[in-house]
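For reference, the structure is listed below as structure tokens.
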Amino acid sequence: MLLLYFALAIASAAQQPPQSENRPPTPPRPNDRTDATDYDSAGHWLVHLARHHGHVVGRGDPRAATLHALALMMAASKVDPNLPTAWLWQYDLYGRIDRPQEALDALRHYVDLQPDNETAALLLTDESIGKLQNADARVNYIKQQLALPNLARSVASNLNLRLAEYHRERGDNENAGKCIENALRLMPTNVAARQLSYELFGETEPALQRVELGLAMVAANPGQVNLLWQLGELLDSLSLHREAQEWYVRAVELHERADKTPIPGEDWYTLAQSYAASADYKLAAEAIDKAIAADPNLGRAQIFKAYLNAKLKAADPDAPINALAKKYDAEAEQVLASRNIAKAAELAWFYAYYRPDPVKALKLAQLATSIPDSSSLARRALGFAYLINNKNAEALDTLKPLSDADQLAAVGAARALLALQKEPDAAALLRKAATLNYSGIGFDEIAKMLEKSGDKPPARPGHDRIVEALHRFDRRIFDFHKKPGDFLKLTLLPIDAPEPPVGPWNTRVRLENVGPFPITVGEGLMAQPLTLFTAQLGDDKAARFENYTQLLLMKKPVLAPGDVIEFVTALDVGQLREQMLHSPSWSTPVEITALFDPVATATGFDKGLSTVEATPLRFDRAGLPRDLPGVKRLVLALNDAPLKERLRAIDALGALLAENERLSSAPKDDGVKVEPIRKRFIALLADPNWYIRARTLEALHWSQQSPEVMGAAAKCIKDPNFVVRLMAIRFFVSQQGDKFNKVLESIAKDDSEQSVRLLAKSYLPPTK
């Protein structure tokens with residue numbers, strides 16, 4: 001699934017921190033009262049229970065945890081069909097138990113309720129199209145979607161791209177072109193659309209198109225070293241060497257900041273060649289020394305060092321080649337005997353071109369080309385081996401097919417033509433090969449041969465439009481990975497102040513692009529949407545909950561300057577919530593920190609190039625009173641207060657009962673009188689309001705209860721409200737464990753409500 005929304009705990013070791021959800025709850029909707037403001041509603045409460053359950057149980061049985069959470073989410077969406085969060089979680093949970101149609105239906109419900117979540121809408125489009133059986137059905141669906149009003153630009157762009165692909169597959173390039181233009185007009189950062197446009201229109205000026213594609217890819221993720229390097233290589237191939245070096249250097253700097261592994265010798269060799277091609281020989285020499293240091297066995301680097309020595313008029317310029325000749329002389333027989341094909345090609349080229357040895361070159365080249373699809377280096381070496389053995393016709397037959405892409409092969413083919421007295425053919429071949437690259441060793445050889453015959457190579461093209469495109473590129477984007485906090489702002493904003501002692505601690509998580517350029521968010525893009533939370537209670541090191549929950553801030557694939565992503569989530573889940581429930585009278589400072597886009601390491605998570613930290617959310621968790629007046633106020637609120645206060649009083653007293661089980665002795669003035677509180681709860685189990693009955697059962701299950709409470713709760717197993725029945729199941733499993741299985745089997749078979757049957761099944765072994 002693209003949106004990994006709800007990661008249930010699956011670790012087998014009991015001491016391992018619980019896995020947390022890594023799909024985001026939904027952001028608030030301004031016109032939806034329940035989702036925007038009423039976080040004490042039954043729907044939100046059930047979602048919170050499901051999330052908490054996923055954090056603390058099911059480590060050894062992900063199936064049971066998934067079914068349990070799914071049952072609670074189904075209940076939440078039945079209680080409040082307009083609660084987007086519950087539908088999004090169901091999408092993921094159904095996917096985990098391989099129920100694709102139900103997953104798709106849940107996702108569709110979510111998108112209908114939360115149309116501003118472009119990421120979810122894109123996912124719905126992909127999954128809906130993927131389920132259609134033929135191309136005509138898919139294109140009809142695409143056209144129907146494009147006709148919908150208020151379609152997000154990213155979604156419309158994606159649909160136009162798919163329509164363009166449909167037309168192109170049928171050879172209708174005219175309509176494909178119109179669709180791809182629409183896709184790019186709607187969303188210029190749609191890289192897939194841009195790539196298809198280059199395939200459609202690239203024949204007019206393919207070099208410019210390839211460079212623009214490279215720039216678009218870099219703009220989408222300037223933190224990928226390979227994209228920077230590939231753009232440098234492309235510019236080098238166009239003889240725009242100094243332009244290429246900017247991208248190589250950026251790639252090197254990024255690699256050194258982000259990667260602990262050394263830069264490969266091959267990359268330093270490429271950079272050295274580029275510097276030499278622009279006549280920056282000192283820089284080339286520095287780069288080639290780094291190539292040799294990184295890979296002492298890189299023979300090409302040793303050879304190139306000799307070339308640079310000559311350019312820099314160094315003493316004994318051929319020393320690297322002389323050293324390499326000794327090494328290769330010692331290896332040649334072993335390479336032949338062991339039939340080392342790859343090494344044979346390397347040695348054959350050396351003996352055919354740099355230190356001509358007709359016998360060794362031919363033997364090694366024949367070995368290197370003895371396999372089908374041998375390398376171009378091996379075939380070039382064979383052609384030059386034929387040349388130094390005066391087999392000019394064979395040399396021409398071998399080298400000419402390579403000359404369209406290999407300047408040194410063209411040099412060898414021209415030498416063969418000259419030996420065969422075909423001077424005009426040699427000149428034509430050289431002039432054509434000169435346009436492959438207007439600098440470097442191959443070009444130098446071609447220029448010398450043409451000048452010797454009174455000709456000269458063609459002038460280097462200016463590529464003015466490419467240079468203009470490079471100049472237009474906004475290089476401020478490269479500052480993003482140096483100081484991501486200057487461009488993305490992560491904020492934690494509490495919904496309730498002060499936060500209730502027994503939760504939920506509902507918090508708005510806000511990500512804003514405060515920079516001057518678009519920022520792409522998603523896998524393989526500028527920023528990964530994962531956000532990790534850590535909680536610290538007071539100064540106690542043991543009361544630190546490292547990376548205890550996660551959130552995916554996925555809503556838009558591209559954040560334009562000023563764009564905001566917001567989600568509301570309850571931050572008291574898992575071990576943190578357990579701590580709060582079992583020590584409710586403990587007053588303590590709380591600090592919650594958040595990291596956006598951390599990187600995974602062997603030992604956990606760490607800050608990466610694009611990691612952004614939020615200003616910590618700090619508040620004082622005021623403990624519940626245990627004195628008689630304080631507890632009395634809570635007891636009175638059970639019946640005589642507004643609904644919200646009644647609910648919080650139920651939670652508070654349930655937590656105080658749970659705390660009592662942990663206390664070795666009660667304080668002298670302790671007001672938590674267990675039996676009177678239980679009597680109040682017994683009365684609440686018959687309250688006319690089903691929500692009160694359900695919340696009471698949940699609060700009671702945090703501690704072991706008396707037979708009187710168990711007897712009163714037993715009636716709730718048959719309660720007319722299905723949410724109460726759900727909570728009764730949770731209560732009795734916590735009190736009786738496997739002894740309750742017979743009742744669970746009956747409920748799983750006979751209850752009228754699917755979510756109740758599913759919750760009962762989550763506690764039972766899977767049926768065969």
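Note on naming: chains are A, B, ... as they come in the structure tokens, residues start from 1 per chain, ligands start from 1 in the order shown.
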- Item | Test item, helix (DSSP H, G or I) assignment across range 208-395 of chain A, answer as a PyMOL selection string | chain A and resi 208-220+225-237+241-258+265-277+281-294+299-311+319-338+341-354+358-368+376-388+392-395
- Message: Could you list, as a list in words, every residue within 10 Å of Glu174 in chain A, counting only C-alpha atoms and ignoring same-chain residues fewer than 4 positions away?
- Response: Ala164, His167, Arg168, Lys178, Cys179 and Leu200 of chain A
- Task: Using only C-alpha atoms, pick whichever of A:Asn160, A:Gln302, A:Asn390, A:Gln705 has the shortest atom-to-atom distance to Leu196 in chain A.
- Result: A:Asn160
- Query: Using only C-alpha atoms, which residues sit within 8 Å of range 564-580 of chain A once same-chain residues fewer than 6 positions away are excluded, as number ranges by chain?
  - Reply: A: 18, 20, 24-28, 48, 51-56, 501-513, 535, 545, 548-549, 553-556
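As for CA of Asp669 in chain A and CA of Ala649 in chain A, they are spaced 20.3 Å apart.
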- Message: Report as a PyMOL selection string all protein, DNA and RNA residues lying within 6 Å of range 266-272 of chain A, evaluated on only C-alpha atoms, omitting residues in the same chain fewer than 6 positions from it.
- Response: chain A and resi 284+287-288+291
Would you save the residues from that selection as an mmCIF file, in the first residue's frame, using C-alpha atoms?
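Resulting contents of selection_35.cif:
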```cif
data_model
loop_
_atom_site.group_PDB
_atom_site.id
_atom_site.type_symbol
_atom_site.label_atom_id
_atom_site.label_comp_id
_atom_site.auth_asym_id
_atom_site.auth_seq_id
_atom_site.Cartn_x
_atom_site.Cartn_y
_atom_site.Cartn_z
ATOM 1 C CA ALA A 284 42.057 16.923 -13.265
ATOM 2 C CA ALA A 287 40.770 14.219 -9.127
ATOM 3 C CA ILE A 288 42.782 11.420 -10.730
ATOM 4 C CA ALA A 291 40.581 8.018 -8.102
#
```
- Message: Need the shell around Ile477 in chain A: protein/DNA/RNA residues with any atom at most 8 Å away, counting only C-alpha atoms. Skip same-chain ones fewer than 5 positions apart. Format as a list in words?
- Response: Ala219, Pro222 and Phe517 of chain A
Residues from the last selection, C-alpha atoms, saved as a CSV table (one decimal), in the first residue's frame:
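again.csv, written as the output of this step:
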```csv
chain,number,residue,atom,x,y,z
A,219,ALA,CA,14.3,19.7,-8.9
A,222,PRO,CA,18.1,17.5,-5.2
A,517,PHE,CA,10.4,26.9,-4.2
```
- Using only C-alpha atoms, which residues sit within 12 Å of Lys644 in chain A once same-chain residues fewer than 6 positions away are excluded, as a VMD selection string? chain A and resid 38 to 42 500 637 to 638 650 to 651 691 to 692 695
- Message: Env of Gly630 in chain A: 12 Å cut, atoms = only C-alpha atoms, seq-sep filter 6 positions within chain, self excluded. Answer as a ChimeraX atom specification.
- Response: /A:585,623-624,636-637,649,652-653,656,669-672
Requested write-out: N, CA and C atoms of the selected residues, as a short mmCIF file (atom, residue, chain, number, x, y, z; two decimals), in the first residue's frame:
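Produced file out-v6.cif, reproduced below:
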```cif
data_model
loop_
_atom_site.label_atom_id
_atom_site.label_comp_id
_atom_site.auth_asym_id
_atom_site.auth_seq_id
_atom_site.Cartn_x
_atom_site.Cartn_y
_atom_site.Cartn_z
N SER A 585 -2.35 10.17 39.29
CA SER A 585 -2.17 11.25 40.26
C SER A 585 -0.79 11.88 40.20
N GLY A 623 -1.61 16.00 37.82
CA GLY A 623 -2.15 14.74 38.30
C GLY A 623 -3.55 14.89 38.85
N LEU A 624 -4.30 13.81 38.83
CA LEU A 624 -5.65 13.82 39.38
C LEU A 624 -5.59 13.88 40.91
N LEU A 636 -19.22 13.32 41.85
CA LEU A 636 -20.42 14.11 41.59
C LEU A 636 -20.59 14.39 40.09
N ALA A 637 -19.47 14.56 39.41
CA ALA A 637 -19.54 14.86 37.97
C ALA A 637 -20.05 13.67 37.16
N ALA A 649 -14.71 12.37 33.88
CA ALA A 649 -14.76 11.86 35.25
C ALA A 649 -14.71 10.34 35.27
N ALA A 652 -11.17 9.42 34.61
CA ALA A 652 -10.33 9.76 35.76
C ALA A 652 -10.49 8.73 36.88
N LEU A 653 -11.71 8.39 37.21
CA LEU A 653 -11.94 7.44 38.30
C LEU A 653 -11.48 6.04 37.92
N LEU A 656 -7.79 6.08 38.46
CA LEU A 656 -7.45 6.05 39.89
C LEU A 656 -7.61 4.64 40.45
N ASP A 669 -4.86 10.51 53.90
CA ASP A 669 -6.05 11.28 53.54
C ASP A 669 -6.60 10.85 52.19
N ASP A 670 -6.33 9.60 51.80
CA ASP A 670 -6.72 9.15 50.47
C ASP A 670 -8.24 9.17 50.31
N GLY A 671 -8.68 9.77 49.21
CA GLY A 671 -10.12 9.85 48.95
C GLY A 671 -10.61 8.81 47.97
N VAL A 672 -9.71 7.95 47.45
CA VAL A 672 -10.11 6.94 46.47
C VAL A 672 -10.67 5.74 47.24
#
```
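CA of Glu212 in chain A is found 15.9 Å from CA of Glu246 in chain A.
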